[in-house]
$ cat final-v9.cif   # mmCIF, C-alpha atoms
data_coords
#
loop_
_atom_site.label_atom_id
_atom_site.label_comp_id
_atom_site.auth_asym_id
_atom_site.auth_seq_id
_atom_site.Cartn_x
_atom_site.Cartn_y
_atom_site.Cartn_z
CA MET E 4 -10.25 18.65 -14.72
CA GLN E 5 -8.05 16.31 -16.72
CA GLY E 6 -5.41 16.47 -13.99
CA ALA E 7 -7.98 15.38 -11.39
CA ARG E 8 -9.08 12.48 -13.58
CA ALA E 9 -5.49 11.42 -14.14
CA ALA E 10 -4.80 11.52 -10.39
CA ALA E 11 -7.94 9.47 -9.69
CA GLY E 12 -6.89 6.95 -12.33
CA GLN E 13 -3.42 6.65 -10.82
CA ALA E 14 -4.90 6.14 -7.35
CA TRP E 15 -7.12 3.35 -8.71
CA VAL E 16 -4.12 1.61 -10.33
CA ILE E 17 -2.14 1.85 -7.08
CA ARG E 18 -5.02 0.36 -5.09
CA LEU E 19 -5.33 -2.48 -7.60
CA ALA E 20 -1.58 -3.10 -7.31
CA TYR E 21 -2.08 -3.46 -3.54
CA VAL E 22 -4.92 -5.96 -4.08
CA LEU E 23 -2.92 -8.01 -6.58
CA THR E 24 0.07 -8.09 -4.24
CA ALA E 25 -2.09 -9.29 -1.33
CA LEU E 26 -3.63 -11.94 -3.60
CA GLU E 27 -0.27 -13.29 -4.74
CA LEU E 28 1.22 -13.32 -1.25
CA THR E 29 -1.88 -15.02 0.19
CA THR E 30 -1.50 -17.91 -2.24
CA LEU E 31 2.26 -18.04 -1.65
CA PHE E 32 1.82 -18.45 2.11
CA MET E 33 -0.95 -20.99 1.53
CA GLN E 34 1.60 -23.25 -0.17
CA PHE E 35 4.25 -22.47 2.46
CA SER E 36 1.91 -23.82 5.13
CA VAL E 37 1.24 -27.13 3.34
CA LEU E 38 4.55 -27.71 1.52
CA PRO E 39 6.45 -29.41 4.40
CA TYR E 40 3.59 -31.84 5.01
CA LEU E 41 3.35 -32.64 1.29
CA SER E 42 7.11 -33.16 1.03
CA ARG E 43 7.07 -35.43 4.09
CA ARG E 44 4.20 -37.44 2.61
CA LEU E 45 6.19 -37.88 -0.61
CA GLY E 46 9.21 -39.16 1.34
CA LEU E 47 11.49 -36.09 1.47
CA ASP E 48 13.50 -35.66 4.65
CA SER E 49 14.68 -32.33 6.08
CA VAL E 50 17.74 -32.27 3.81
CA GLY E 51 15.60 -32.84 0.73
CA PHE E 52 13.20 -30.13 1.84
CA GLY E 53 16.17 -27.80 2.23
CA TYR E 54 17.22 -28.54 -1.35
CA LEU E 55 13.65 -27.83 -2.48
CA GLN E 56 13.56 -24.44 -0.77
CA THR E 57 17.08 -23.62 -1.97
CA THR E 58 16.01 -24.32 -5.54
CA PHE E 59 13.15 -21.84 -5.13
CA GLY E 60 15.47 -19.18 -3.70
CA VAL E 61 18.16 -19.63 -6.37
CA LEU E 62 15.62 -19.38 -9.19
CA GLN E 63 14.17 -16.22 -7.63
CA LEU E 64 17.66 -14.79 -7.33
CA LEU E 65 18.49 -15.52 -10.96
CA GLY E 66 15.16 -14.39 -12.36
CA GLY E 67 14.79 -11.15 -10.40
CA PRO E 68 17.16 -8.92 -12.41
CA MET E 69 15.82 -10.20 -15.75
CA PHE E 70 12.23 -9.72 -14.59
CA GLY E 71 13.05 -6.17 -13.52
CA ARG E 72 14.47 -5.38 -16.95
CA PHE E 73 11.39 -6.96 -18.53
CA ALA E 74 9.12 -4.79 -16.37
CA ASP E 75 11.01 -1.61 -17.27
CA LYS E 76 10.93 -2.38 -21.00
CA CYS E 77 7.50 -3.99 -21.44
CA GLY E 78 5.47 -2.22 -18.76
CA ALA E 79 3.46 -3.01 -15.66
CA ARG E 80 0.65 -4.91 -17.40
CA ALA E 81 3.02 -7.39 -19.06
CA ALA E 82 5.08 -7.79 -15.87
CA LEU E 83 2.16 -8.53 -13.55
CA SER E 84 0.49 -10.80 -16.12
CA LEU E 85 3.72 -12.79 -16.56
CA SER E 86 4.13 -13.11 -12.80
CA PHE E 87 0.60 -14.45 -12.29
CA LEU E 88 0.90 -16.79 -15.28
CA ALA E 89 4.11 -18.21 -13.82
CA ALA E 90 2.42 -18.59 -10.43
CA SER E 91 -0.49 -20.42 -12.09
CA ALA E 92 1.97 -22.90 -13.63
CA PHE E 93 3.66 -23.20 -10.22
CA TYR E 94 0.44 -24.22 -8.46
CA LEU E 95 -0.69 -26.46 -11.33
CA LEU E 96 2.50 -28.51 -11.00
CA LEU E 97 2.18 -28.48 -7.22
CA ALA E 98 -1.39 -29.79 -7.49
CA ALA E 99 -0.19 -32.53 -9.84
CA ALA E 100 2.41 -33.53 -7.24
CA CYS E 101 -0.44 -34.23 -4.82
CA VAL E 102 -1.91 -36.91 -7.10
CA PRO E 103 -0.66 -40.35 -5.95
CA ALA E 104 -0.58 -41.80 -9.49
CA LEU E 105 1.95 -39.19 -10.70
CA PRO E 106 5.69 -38.89 -9.88
CA GLY E 107 5.27 -36.60 -6.90
CA ILE E 108 8.87 -35.72 -6.04
CA LEU E 109 9.75 -34.94 -9.67
CA LEU E 110 6.70 -32.69 -10.04
CA LEU E 111 7.44 -31.08 -6.68
CA PHE E 112 10.89 -29.98 -7.84
CA ALA E 113 9.53 -29.08 -11.30
CA SER E 114 7.02 -26.77 -9.63
CA ARG E 115 9.94 -24.58 -8.51
CA LEU E 116 10.90 -23.72 -12.12
CA PRO E 117 8.19 -21.04 -12.72
CA ALA E 118 9.59 -19.19 -9.66
CA VAL E 119 12.00 -17.51 -12.10
CA PHE E 120 9.14 -15.23 -13.18
CA MET E 121 7.12 -15.01 -9.93
CA HIS E 122 7.86 -11.41 -8.96
CA SER E 123 4.56 -9.60 -8.45
CA MET E 124 5.91 -7.69 -5.45
CA PRO E 125 8.66 -5.81 -7.37
CA ALA E 126 6.20 -5.22 -10.22
CA ALA E 127 3.77 -3.64 -7.75
CA GLN E 128 6.62 -1.67 -6.18
CA MET E 129 7.48 -0.34 -9.63
CA VAL E 130 3.88 0.76 -10.17
CA VAL E 131 3.75 2.52 -6.80
CA THR E 132 7.15 4.17 -7.35
CA ASP E 133 6.22 5.40 -10.81
CA LEU E 134 2.86 6.83 -9.73
CA THR E 135 3.85 8.58 -6.49
CA ALA E 136 5.92 11.64 -5.71
CA PRO E 137 9.24 11.10 -3.88
CA SER E 138 7.84 12.68 -0.70
CA GLU E 139 4.91 10.22 -0.66
CA ARG E 140 6.92 7.18 -1.71
CA PRO E 141 8.00 5.72 1.69
CA GLU E 142 4.43 5.75 2.97
CA ALA E 143 3.05 4.29 -0.29
CA LEU E 144 5.68 1.54 -0.33
CA GLY E 145 4.96 0.89 3.35
CA ARG E 146 1.38 0.04 2.44
CA LEU E 147 2.73 -2.79 0.32
CA GLY E 148 4.13 -4.13 3.57
CA LEU E 149 0.57 -4.16 4.90
CA CYS E 150 -0.36 -6.27 1.89
CA PHE E 151 2.43 -8.65 2.92
CA GLY E 152 0.86 -8.88 6.38
CA VAL E 153 -2.56 -9.59 4.87
CA GLY E 154 -1.01 -12.32 2.74
CA VAL E 155 0.72 -13.91 5.73
CA ILE E 156 -2.45 -13.89 7.82
CA LEU E 157 -4.94 -15.06 5.20
CA GLY E 158 -2.55 -17.45 3.46
CA SER E 159 -1.41 -19.17 6.65
CA LEU E 160 -4.96 -19.49 7.99
CA LEU E 161 -6.44 -20.69 4.71
CA GLY E 162 -3.58 -23.08 3.98
CA GLY E 163 -3.69 -24.76 7.38
CA THR E 164 -7.49 -24.81 7.65
CA LEU E 165 -8.20 -26.04 4.11
CA SER E 166 -5.52 -28.74 4.23
CA THR E 167 -6.80 -30.00 7.60
CA ALA E 168 -10.45 -30.01 6.48
CA PHE E 169 -10.19 -31.07 2.82
CA GLY E 170 -6.67 -32.37 2.24
CA ILE E 171 -3.44 -30.94 0.87
CA LEU E 172 -4.74 -30.73 -2.71
CA CYS E 173 -7.45 -28.18 -1.82
CA PRO E 174 -5.17 -25.17 -1.01
CA THR E 175 -3.19 -25.67 -4.21
CA ILE E 176 -6.36 -25.66 -6.34
CA VAL E 177 -7.61 -22.52 -4.59
CA ALA E 178 -4.23 -20.86 -5.18
CA LEU E 179 -4.32 -21.83 -8.87
CA VAL E 180 -7.76 -20.28 -9.36
CA ALA E 181 -6.74 -17.11 -7.47
CA ASN E 182 -3.68 -16.59 -9.66
CA LEU E 183 -5.68 -17.11 -12.84
CA LEU E 184 -7.96 -14.35 -11.52
CA GLY E 185 -4.84 -12.22 -11.05
CA VAL E 186 -3.96 -12.73 -14.72
CA VAL E 187 -7.41 -11.52 -15.78
CA LEU E 188 -7.30 -8.44 -13.52
CA SER E 189 -3.78 -7.54 -14.68
CA LEU E 190 -4.64 -7.80 -18.36
CA THR E 191 -7.91 -5.91 -17.94
CA TYR E 192 -7.19 -3.03 -15.58
CA ILE E 193 -3.42 -2.44 -15.28
CA PRO E 194 -2.12 0.13 -17.83
CA SER E 195 0.47 -1.03 -20.32
CA THR E 196 3.05 1.32 -18.79
CA THR E 197 3.31 3.58 -15.76
CA LYS E 198 6.52 5.33 -16.78
CA GLU E 199 4.75 8.32 -18.37
CA ALA E 200 3.85 9.61 -14.91
CA GLN E 201 7.54 10.15 -14.25
CA GLY E 202 8.23 11.87 -17.58
CA PRO E 203 10.41 10.58 -20.41
CA PRO E 204 13.34 8.41 -19.39
CA PRO E 205 16.85 9.73 -19.86
CA ALA E 206 18.43 9.09 -23.22
CA GLY E 207 20.71 6.09 -23.49
CA PRO E 208 21.07 2.67 -25.06
CA GLU E 209 17.98 0.53 -24.65
CA GLY E 210 19.57 -2.88 -24.21
CA SER E 211 17.64 -6.13 -24.00
CA VAL E 212 15.96 -7.92 -21.13
CA PHE E 213 19.02 -10.19 -20.81
CA ASP E 214 21.57 -7.36 -21.07
CA VAL E 215 23.94 -8.15 -18.17
CA LYS E 216 25.74 -4.82 -18.56
CA ALA E 217 22.50 -2.90 -18.20
CA ILE E 218 21.60 -4.90 -15.11
CA SER E 219 25.04 -4.53 -13.49
CA ARG E 220 25.04 -0.80 -14.30
CA LEU E 221 22.53 -0.28 -11.48
CA LEU E 222 24.97 -1.77 -8.97
CA ARG E 223 27.54 0.88 -9.89
CA LEU E 224 25.21 3.77 -9.11
CA PRO E 225 26.15 5.70 -5.94
CA GLY E 226 24.78 4.03 -2.83
CA VAL E 227 23.04 1.08 -4.54
CA LEU E 228 25.66 -1.62 -3.92
CA ARG E 229 26.12 -0.54 -0.29
CA VAL E 230 22.39 -0.78 0.44
CA LEU E 231 22.07 -4.17 -1.25
CA LEU E 232 25.09 -5.60 0.59
CA ILE E 233 23.74 -4.42 3.95
CA LYS E 234 20.39 -6.01 3.19
CA VAL E 235 21.86 -9.33 2.01
CA VAL E 236 24.24 -9.73 4.97
CA SER E 237 21.58 -8.70 7.50
CA SER E 238 18.83 -10.86 6.00
CA LEU E 239 20.87 -14.04 5.48
CA PRO E 240 20.49 -15.57 9.00
CA SER E 241 16.79 -14.74 9.35
CA GLY E 242 16.22 -15.78 5.73
CA LEU E 243 17.70 -19.22 6.39
CA PHE E 244 15.52 -19.56 9.48
CA MET E 245 12.33 -18.52 7.66
CA ILE E 246 13.05 -20.87 4.74
CA MET E 247 13.26 -23.81 7.12
CA PHE E 248 10.59 -22.54 9.53
CA SER E 249 7.98 -25.00 8.26
CA ILE E 250 10.25 -27.93 9.08
CA ILE E 251 11.25 -26.32 12.39
CA SER E 252 7.61 -25.90 13.38
CA MET E 253 6.84 -29.50 12.44
CA ASP E 254 9.90 -31.27 13.90
CA PHE E 255 11.20 -28.93 16.63
CA PHE E 256 7.97 -27.28 17.83
CA GLN E 257 5.81 -30.37 17.02
CA LEU E 258 3.01 -28.29 15.46
CA GLU E 259 0.26 -29.43 13.10
CA ALA E 260 -0.52 -27.61 9.83
CA ALA E 261 -3.34 -25.56 11.34
CA GLN E 262 -1.22 -24.59 14.37
CA THR E 263 1.62 -23.50 12.11
CA GLY E 264 -0.91 -21.37 10.23
CA TYR E 265 -1.99 -19.68 13.47
CA LEU E 266 1.64 -18.94 14.36
CA MET E 267 2.31 -17.42 10.94
CA SER E 268 -0.88 -15.39 11.24
CA PHE E 269 0.46 -13.93 14.49
CA PHE E 270 3.58 -13.00 12.53
CA GLY E 271 1.37 -11.28 9.94
CA VAL E 272 -0.56 -9.30 12.56
CA LEU E 273 2.67 -8.05 14.10
CA GLN E 274 3.97 -7.16 10.65
CA MET E 275 0.87 -5.08 9.88
CA VAL E 276 1.09 -3.26 13.21
CA VAL E 277 4.78 -2.44 12.80
CA GLN E 278 4.40 -1.51 9.13
CA GLY E 279 1.27 0.58 9.61
CA LEU E 280 1.82 2.24 12.99
CA VAL E 281 5.50 2.16 13.92
CA ILE E 282 7.75 2.70 10.91
CA GLY E 283 5.87 5.69 9.51
CA ARG E 284 6.11 7.53 12.83
CA LEU E 285 9.77 6.66 13.32
CA SER E 286 10.61 7.93 9.83
CA ARG E 287 9.36 11.38 10.84
CA TYR E 288 11.90 11.67 13.65
CA PHE E 289 14.89 9.62 12.46
CA SER E 290 16.89 9.53 9.25
CA GLU E 291 16.94 6.52 6.94
CA ASP E 292 20.54 5.73 7.91
CA ALA E 293 19.62 5.72 11.59
CA LEU E 294 16.67 3.40 11.00
CA LEU E 295 18.85 1.10 8.89
CA ARG E 296 21.45 0.85 11.67
CA ALA E 297 18.71 0.20 14.23
CA SER E 298 17.25 -2.65 12.17
CA VAL E 299 20.65 -4.32 11.83
CA LEU E 300 21.26 -4.00 15.60
CA VAL E 301 17.88 -5.56 16.44
CA PHE E 302 18.55 -8.32 13.90
CA THR E 303 21.74 -9.17 15.81
CA MET E 304 19.96 -9.30 19.16
CA VAL E 305 17.16 -11.49 17.77
CA GLY E 306 19.73 -13.87 16.26
CA LEU E 307 21.39 -14.33 19.63
CA GLY E 308 18.00 -14.97 21.19
CA MET E 309 17.17 -17.65 18.62
CA VAL E 310 20.29 -19.56 19.61
CA LEU E 311 18.88 -19.88 23.12
CA MET E 312 15.18 -20.50 22.36
CA SER E 313 13.71 -23.92 23.09
CA SER E 314 9.93 -23.53 22.70
CA VAL E 315 7.19 -21.80 20.73
CA PHE E 316 6.75 -19.37 23.62
CA HIS E 317 10.36 -18.22 23.30
CA TYR E 318 9.88 -17.73 19.55
CA CYS E 319 6.76 -15.63 20.15
CA LEU E 320 8.77 -13.40 22.50
CA LEU E 321 11.43 -12.90 19.81
CA MET E 322 8.96 -12.37 16.99
CA PRO E 323 8.27 -8.62 17.58
CA GLY E 324 11.98 -7.84 17.25
CA LEU E 325 12.28 -10.01 14.14
CA VAL E 326 9.26 -8.34 12.52
CA PHE E 327 10.51 -4.84 13.37
CA SER E 328 13.89 -5.60 11.82
CA LEU E 329 12.46 -7.12 8.66
CA CYS E 330 9.91 -4.35 8.11
CA THR E 331 12.31 -1.51 8.81
CA LEU E 332 15.03 -2.99 6.61
CA ASN E 333 12.63 -3.55 3.71
CA VAL E 334 10.95 -0.13 3.78
CA VAL E 335 14.15 1.85 4.28
CA THR E 336 16.10 0.03 1.58
CA ASP E 337 13.16 0.32 -0.84
CA SER E 338 13.07 4.07 -0.31
CA MET E 339 16.86 4.49 -0.54
CA LEU E 340 17.10 2.48 -3.76
CA THR E 341 14.30 4.33 -5.54
CA LYS E 342 16.04 7.62 -4.78
CA SER E 343 19.30 6.31 -6.26
CA VAL E 344 18.01 5.16 -9.67
CA SER E 345 16.23 6.89 -12.53
CA ALA E 346 12.51 6.52 -13.21
CA ALA E 347 13.31 4.20 -16.14
CA ASP E 348 14.99 1.66 -13.84
CA THR E 349 12.55 1.39 -10.93
CA GLY E 350 11.46 -2.13 -11.91
CA SER E 351 15.05 -3.37 -12.14
CA SER E 352 16.04 -1.88 -8.79
CA HIS E 353 13.07 -3.39 -6.92
CA ALA E 354 13.48 -6.77 -8.62
CA GLN E 355 17.20 -6.95 -7.84
CA GLU E 356 16.54 -6.11 -4.21
CA LEU E 357 13.71 -8.61 -3.76
CA SER E 358 15.54 -11.37 -5.64
CA ARG E 359 18.52 -11.01 -3.30
CA GLN E 360 16.18 -11.02 -0.32
CA ARG E 361 14.44 -14.27 -1.46
CA GLY E 362 17.75 -15.70 -2.60
CA CYS E 363 18.95 -15.52 0.97
#
$ encode --input "final-v9.cif" --output "structure tokens"
Amino acid sequence: MQGARAAAGQAWVIRLAYVLTALELTTLFMQFSVLPYLSRRLGLDSVGFGYLQTTFGVLQLLGGPMFGRFADKCGARAALSLSFLAASAFYLLLAAACVPALPGILLLFASRLPAVFMHSMPAAQMVVTDLTAPSERPEALGRLGLCFGVGVILGSLLGGTLSTAFGILCPTIVALVANLLGVVLSLTYIPSTTKEAQGPPPAGPEGSVFDVKAISRLLRLPGVLRVLLIKVVSSLPSGLFMIMFSIISMDFFQLEAAQTGYLMSFFGVLQMVVQGLVIGRLSRYFSEDALLRASVLVFTMVGLGMVLMSSVFHYCLLMPGLVFSLCTLNVVTDSMLTKSVSAADTGSSHAQELSRQRGC
């Protein structure tokens, strides 16, 4: 009886982790859809916008390993609460940048600073990893990809629609309120730790959150560095394209905010289809190494196609291959990394992987 209750409780926590992930990603893509128009209104050119996005990526890259250590040491509740608090500060500064009487460009760059701690996805991945058996883990982690698709669809639609109807300030206020709600839900319903489900961690020195040796130790585990290097090298070209996609859609494709939102929503629908219907079935018939090689090959073909594209229609034709590559690479590397590290280090492994992905 107690075992059934414990299993039901774990299932509830996993479902809440999915909801919180979808909430955070929805607000993130809301700001992605309005950020280029805000930066252009404040006087930033494409080069300045590139610096702005690079600042976000670098801070995510630097903060990821430390956040992972924090999650492993302090637990899921503290990690998710910190992530949503940081996101709340992020959107508060972004909303202030929309006010004409305030120094907009300074506040716009200052809004990137809380990105050091905005890592709800690896925190949710840690929760799912800790509360699922290894045999169920790829499918459970794949559902987080569905949350990503939900975030892309809702965030892009809401961001473009709200900014067109009510102005750029409206999506940032909505995102701020949503993340404050995430703080309340995390503090109220997420358990302080999920590590007990995996049993006691192996004995060893604890280390601190900022212990560089403890963080780098994960890279020396068998297979970890290889997987991370493959992911970084494969994701770099597409990552650069996605970072600048808002400017590309505005200057190259000549799209308005709402139209960019529709295009990103199409990306989200494809992502949900591939994540929910394709990858799970392929994983039953092919090994993880085979799927990893296939994703890299498709990445290469899509990159060549992007060199030749000249319209939105061409991009829509390339998008299924891009989505397949991204989804396959993310799910397979998530699964491979969780099998390579101990239960005590699941937060660090997911945070290092995602920080390198966003750092690209």
$ residues_around --input "final-v9.cif" --residues "Phe151 in chain E" --least-positions-apart "2" --cutoff "12 Å" --atoms "only C-alpha atoms" --output "ChimeraX atom specification"
/E:21-32,123-124,127,144-149,153-159,267-268,270-279,326,329-330,333
$ atom_distance --input "final-v9.cif" --atom1 "CA of Leu83 in chain E" --atom2 "CA of Leu64 in chain E"
17.8 Å
$ atom_distance --input "final-v9.cif" --atom1 "CA of Ser84 in chain E" --atom2 "CA of Val180 in chain E"
14.3 Å
$ closest_residue --input "final-v9.cif" --among "E:Phe87, E:Glu142, E:Cys101, E:Val335" --to "Gly170 in chain E" --atoms "all atoms listed in the file"
E:Cys101
$ closest_residue --input "final-v9.cif" --among "E:Ile108, E:Leu239, E:Ala136, E:Leu280" --to "Asp48 in chain E" --atoms "only C-alpha atoms"
E:Ile108
$ atom_distance --input "final-v9.cif" --atom1 "CA of Arg284 in chain E" --atom2 "CA of Tyr318 in chain E"
26.4 Å
$ closest_atom_pairs --input "final-v9.cif" --of "range 68-155 of chain E" --to "range 186-200 of chain E" --cutoff "7 Å" --atoms "all atoms listed in the file" --output "CSV"
residue,atom,partner,partner_atom,distance
E:Gly78,CA,E:Thr196,CA,4.3
E:Ala79,CA,E:Thr196,CA,5.4
E:Arg80,CA,E:Ser195,CA,4.9
E:Ala81,CA,E:Ser195,CA,7.0
E:Leu83,CA,E:Ser189,CA,6.1
E:Ser84,CA,E:Val186,CA,5.0
E:Phe87,CA,E:Val186,CA,5.4
E:Leu88,CA,E:Val186,CA,6.4
E:Val130,CA,E:Thr197,CA,6.3
E:Asp133,CA,E:Lys198,CA,6.0
E:Leu134,CA,E:Ala200,CA,6.0
$ closest_atom_pairs --input "final-v9.cif" --of "range 301-347 of chain E" --to "range 246-260 of chain E" --cutoff "9 Å" --atoms "only C-alpha atoms" --output "CSV"
residue,atom,partner,partner_atom,distance
E:Ser313,CA,E:Phe256,CA,8.5
E:Ser314,CA,E:Phe256,CA,6.5
E:Val315,CA,E:Phe256,CA,6.2
$ resolve_selection --input "final-v9.cif" --expression "the PyMOL selection byres ((chain E and resi 301) around 10)" --output "PyMOL selection string"
chain E and resi 296-300+302-307+324-329
$ closest_residue --input "final-v9.cif" --among "E:Gly53, E:Pro240, E:Gly283, E:Gly264" --to "Met309 in chain E" --atoms "all atoms listed in the file"
E:Pro240
$ axis_aligned_box --input "final-v9.cif" --around "range 299-303 of chain E" --padding-each-side "8 Å" --output "AutoDock Vina command-line options"
--center_x 19.8 --center_y -6.6 --center_z 14.1 --size_x 19.9 --size_y 21.2 --size_z 20.6
$ resolve_selection --input "final-v9.cif" --expression "the PyMOL selection byres ((chain E and resi 111-116) around 12)" --output "PDB file with C-alpha atoms, in the coordinates of the input"
ATOM      1  CA  GLN E  34       1.600 -23.250  -0.170  1.00  0.00           C
ATOM      2  CA  LEU E  38       4.550 -27.710   1.520  1.00  0.00           C
ATOM      3  CA  PRO E  39       6.450 -29.410   4.400  1.00  0.00           C
ATOM      4  CA  LEU E  41       3.350 -32.640   1.290  1.00  0.00           C
ATOM      5  CA  SER E  42       7.110 -33.160   1.030  1.00  0.00           C
ATOM      6  CA  ARG E  43       7.070 -35.430   4.090  1.00  0.00           C
ATOM      7  CA  ARG E  44       4.200 -37.440   2.610  1.00  0.00           C
ATOM      8  CA  LEU E  45       6.190 -37.880  -0.610  1.00  0.00           C
ATOM      9  CA  GLY E  46       9.210 -39.160   1.340  1.00  0.00           C
ATOM     10  CA  LEU E  47      11.490 -36.090   1.470  1.00  0.00           C
ATOM     11  CA  GLY E  51      15.600 -32.840   0.730  1.00  0.00           C
ATOM     12  CA  PHE E  52      13.200 -30.130   1.840  1.00  0.00           C
ATOM     13  CA  GLY E  53      16.170 -27.800   2.230  1.00  0.00           C
ATOM     14  CA  TYR E  54      17.220 -28.540  -1.350  1.00  0.00           C
ATOM     15  CA  LEU E  55      13.650 -27.830  -2.480  1.00  0.00           C
ATOM     16  CA  GLN E  56      13.560 -24.440  -0.770  1.00  0.00           C
ATOM     17  CA  THR E  57      17.080 -23.620  -1.970  1.00  0.00           C
ATOM     18  CA  THR E  58      16.010 -24.320  -5.540  1.00  0.00           C
ATOM     19  CA  PHE E  59      13.150 -21.840  -5.130  1.00  0.00           C
ATOM     20  CA  GLY E  60      15.470 -19.180  -3.700  1.00  0.00           C
ATOM     21  CA  VAL E  61      18.160 -19.630  -6.370  1.00  0.00           C
ATOM     22  CA  LEU E  62      15.620 -19.380  -9.190  1.00  0.00           C
ATOM     23  CA  GLN E  63      14.170 -16.220  -7.630  1.00  0.00           C
ATOM     24  CA  LEU E  65      18.490 -15.520 -10.960  1.00  0.00           C
ATOM     25  CA  GLY E  66      15.160 -14.390 -12.360  1.00  0.00           C
ATOM     26  CA  ALA E  89       4.110 -18.210 -13.820  1.00  0.00           C
ATOM     27  CA  ALA E  90       2.420 -18.590 -10.430  1.00  0.00           C
ATOM     28  CA  SER E  91      -0.490 -20.420 -12.090  1.00  0.00           C
ATOM     29  CA  ALA E  92       1.970 -22.900 -13.630  1.00  0.00           C
ATOM     30  CA  PHE E  93       3.660 -23.200 -10.220  1.00  0.00           C
ATOM     31  CA  TYR E  94       0.440 -24.220  -8.460  1.00  0.00           C
ATOM     32  CA  LEU E  95      -0.690 -26.460 -11.330  1.00  0.00           C
ATOM     33  CA  LEU E  96       2.500 -28.510 -11.000  1.00  0.00           C
ATOM     34  CA  LEU E  97       2.180 -28.480  -7.220  1.00  0.00           C
ATOM     35  CA  ALA E  98      -1.390 -29.790  -7.490  1.00  0.00           C
ATOM     36  CA  ALA E  99      -0.190 -32.530  -9.840  1.00  0.00           C
ATOM     37  CA  ALA E 100       2.410 -33.530  -7.240  1.00  0.00           C
ATOM     38  CA  CYS E 101      -0.440 -34.230  -4.820  1.00  0.00           C
ATOM     39  CA  VAL E 102      -1.910 -36.910  -7.100  1.00  0.00           C
ATOM     40  CA  LEU E 105       1.950 -39.190 -10.700  1.00  0.00           C
ATOM     41  CA  PRO E 106       5.690 -38.890  -9.880  1.00  0.00           C
ATOM     42  CA  GLY E 107       5.270 -36.600  -6.900  1.00  0.00           C
ATOM     43  CA  ILE E 108       8.870 -35.720  -6.040  1.00  0.00           C
ATOM     44  CA  LEU E 109       9.750 -34.940  -9.670  1.00  0.00           C
ATOM     45  CA  LEU E 110       6.700 -32.690 -10.040  1.00  0.00           C
ATOM     46  CA  PRO E 117       8.190 -21.040 -12.720  1.00  0.00           C
ATOM     47  CA  ALA E 118       9.590 -19.190  -9.660  1.00  0.00           C
ATOM     48  CA  VAL E 119      12.000 -17.510 -12.100  1.00  0.00           C
ATOM     49  CA  PHE E 120       9.140 -15.230 -13.180  1.00  0.00           C
ATOM     50  CA  MET E 121       7.120 -15.010  -9.930  1.00  0.00           C
ATOM     51  CA  THR E 175      -3.190 -25.670  -4.210  1.00  0.00           C
TER      52      THR E 175
END
$ build_atoms --input "final-v9.cif" --residues "range 279-287 of chain E" --atoms "N, CA, C and O atoms" --output "mmCIF file, keeping the file's coordinate frame"
data_model
loop_
_atom_site.group_PDB
_atom_site.id
_atom_site.type_symbol
_atom_site.label_atom_id
_atom_site.label_comp_id
_atom_site.auth_asym_id
_atom_site.auth_seq_id
_atom_site.Cartn_x
_atom_site.Cartn_y
_atom_site.Cartn_z
ATOM 1 N N GLY E 279 2.268 -0.477 9.706
ATOM 2 C CA GLY E 279 1.270 0.580 9.610
ATOM 3 C C GLY E 279 1.371 1.645 10.685
ATOM 4 O O GLY E 279 1.008 2.805 10.442
ATOM 5 N N LEU E 280 1.858 1.286 11.881
ATOM 6 C CA LEU E 280 1.820 2.240 12.990
ATOM 7 C C LEU E 280 3.184 2.687 13.492
ATOM 8 O O LEU E 280 3.300 3.772 14.066
ATOM 9 N N VAL E 281 4.217 1.876 13.296
ATOM 10 C CA VAL E 281 5.500 2.160 13.920
ATOM 11 C C VAL E 281 6.483 2.834 12.960
ATOM 12 O O VAL E 281 7.021 3.908 13.252
ATOM 13 N N ILE E 282 6.694 2.223 11.801
ATOM 14 C CA ILE E 282 7.750 2.700 10.910
ATOM 15 C C ILE E 282 7.461 4.105 10.388
ATOM 16 O O ILE E 282 8.352 4.959 10.320
ATOM 17 N N GLY E 283 6.211 4.369 10.019
ATOM 18 C CA GLY E 283 5.870 5.690 9.510
ATOM 19 C C GLY E 283 6.164 6.792 10.523
ATOM 20 O O GLY E 283 6.691 7.858 10.168
ATOM 21 N N ARG E 284 5.846 6.521 11.791
ATOM 22 C CA ARG E 284 6.110 7.530 12.830
ATOM 23 C C ARG E 284 7.598 7.675 13.096
ATOM 24 O O ARG E 284 8.087 8.796 13.308
ATOM 25 N N LEU E 285 8.325 6.570 13.093
ATOM 26 C CA LEU E 285 9.770 6.660 13.320
ATOM 27 C C LEU E 285 10.467 7.419 12.201
ATOM 28 O O LEU E 285 11.447 8.143 12.445
ATOM 29 N N SER E 286 9.967 7.253 10.960
ATOM 30 C CA SER E 286 10.610 7.930 9.830
ATOM 31 C C SER E 286 10.474 9.441 9.892
ATOM 32 O O SER E 286 11.220 10.163 9.234
ATOM 33 N N ARG E 287 9.520 9.930 10.684
ATOM 34 C CA ARG E 287 9.360 11.380 10.840
ATOM 35 C C ARG E 287 10.416 11.978 11.762
ATOM 36 O O ARG E 287 10.707 13.175 11.691
#
